Amino acid sequence: MNPLFIRGCSPGAVGYANGSGWMDSDHLVKYLGHFINHVKPGPNKKILLILDNHNSHRTLAAITKARQANIIMVSLPPHTSHRLQPLDCTVFGSFETPVCKTVSRVSLYDIVGMFSRAFLHVATMEKAVKGFQTTGIYPFNNEIFSDECFRPSEVTDVPVNE
């Protein structure tokens, strides 16, 4: 990958690129290696990794790498990350404002630096903790959402009658 594409990124960050711009299984396995180096899981230190329901997250290579490192991968149901993903609920919503403020004239090479500055502005420990509380992950609260909240995820695989 061209190093100019990650110019201005946060220290220790990595970048992986592919033609589609979406995560794929090979890049997830590479990212897991980077993740493992930073969170340092071990026999007495399990790590919970919460993922959306993208196909690249459900491959044998990724699951095997995670299990070998003592990482528990949890995949959220489809169309629920806006309610269940802690950072979606607290950090990313407030992320849009600083990004918009920094945009005047943008080149492809400026995006990561803009992202990093805006992200560091909004990604606080307090918001991360609040995200886990808001989603009922920690402290655990299985009554935080009604069944009605998950109805949209039930209809994603219903065939259309023509």
# chains A, B, ... in the order shown; residues from 1 in each chain; ligands from 1

call {"tool": "residues_around", "arguments": {"residues": "range 54-67 of chain A", "least_positions_apart": "4", "cutoff": "9 Å", "atoms": "only C-alpha atoms", "output": "list of chain:residue names"}}
result
A:Met23, A:Asp24, A:Ser25, A:Asp26, A:His27, A:Leu28, A:Val29, A:Leu32, A:Gly33, A:Ile36, A:Ile71, A:Ile72, A:Met73, A:Ser75, A:Pro78

call {"tool": "select_by_dssp", "arguments": {"residues": "chain A", "states": "strand (DSSP E)", "output": "tab-separated table (two decimals) with C-alpha atoms, in the first residue's frame"}}
result
chain	number	residue	atom	x	y	z
A	47	ILE	CA	-10.13	-10.61	24.80
A	48	LEU	CA	-13.65	-9.94	23.50
A	49	LEU	CA	-13.74	-8.67	19.90
A	50	ILE	CA	-17.17	-7.42	18.82
A	51	LEU	CA	-17.72	-7.46	15.05
A	71	ILE	CA	-9.74	-13.91	21.48
A	72	ILE	CA	-13.49	-14.43	21.63
A	73	MET	CA	-15.12	-13.10	18.46
A	74	VAL	CA	-18.78	-12.11	18.78
A	75	SER	CA	-20.73	-11.27	15.64

call {"tool": "select_by_dssp", "arguments": {"residues": "range 46-131 of chain A", "states": "helix (DSSP H, G or I)", "output": "number ranges by chain"}}
result
A: 55-57, 60-68, 81-84, 86-102, 108-122, 125-131

call {"tool": "closest_residue", "arguments": {"among": "A:Arg83, A:Lys46, A:His121, A:Lys127", "to": "Phe145 in chain A", "atoms": "only C-alpha atoms"}}
result
A:Arg83
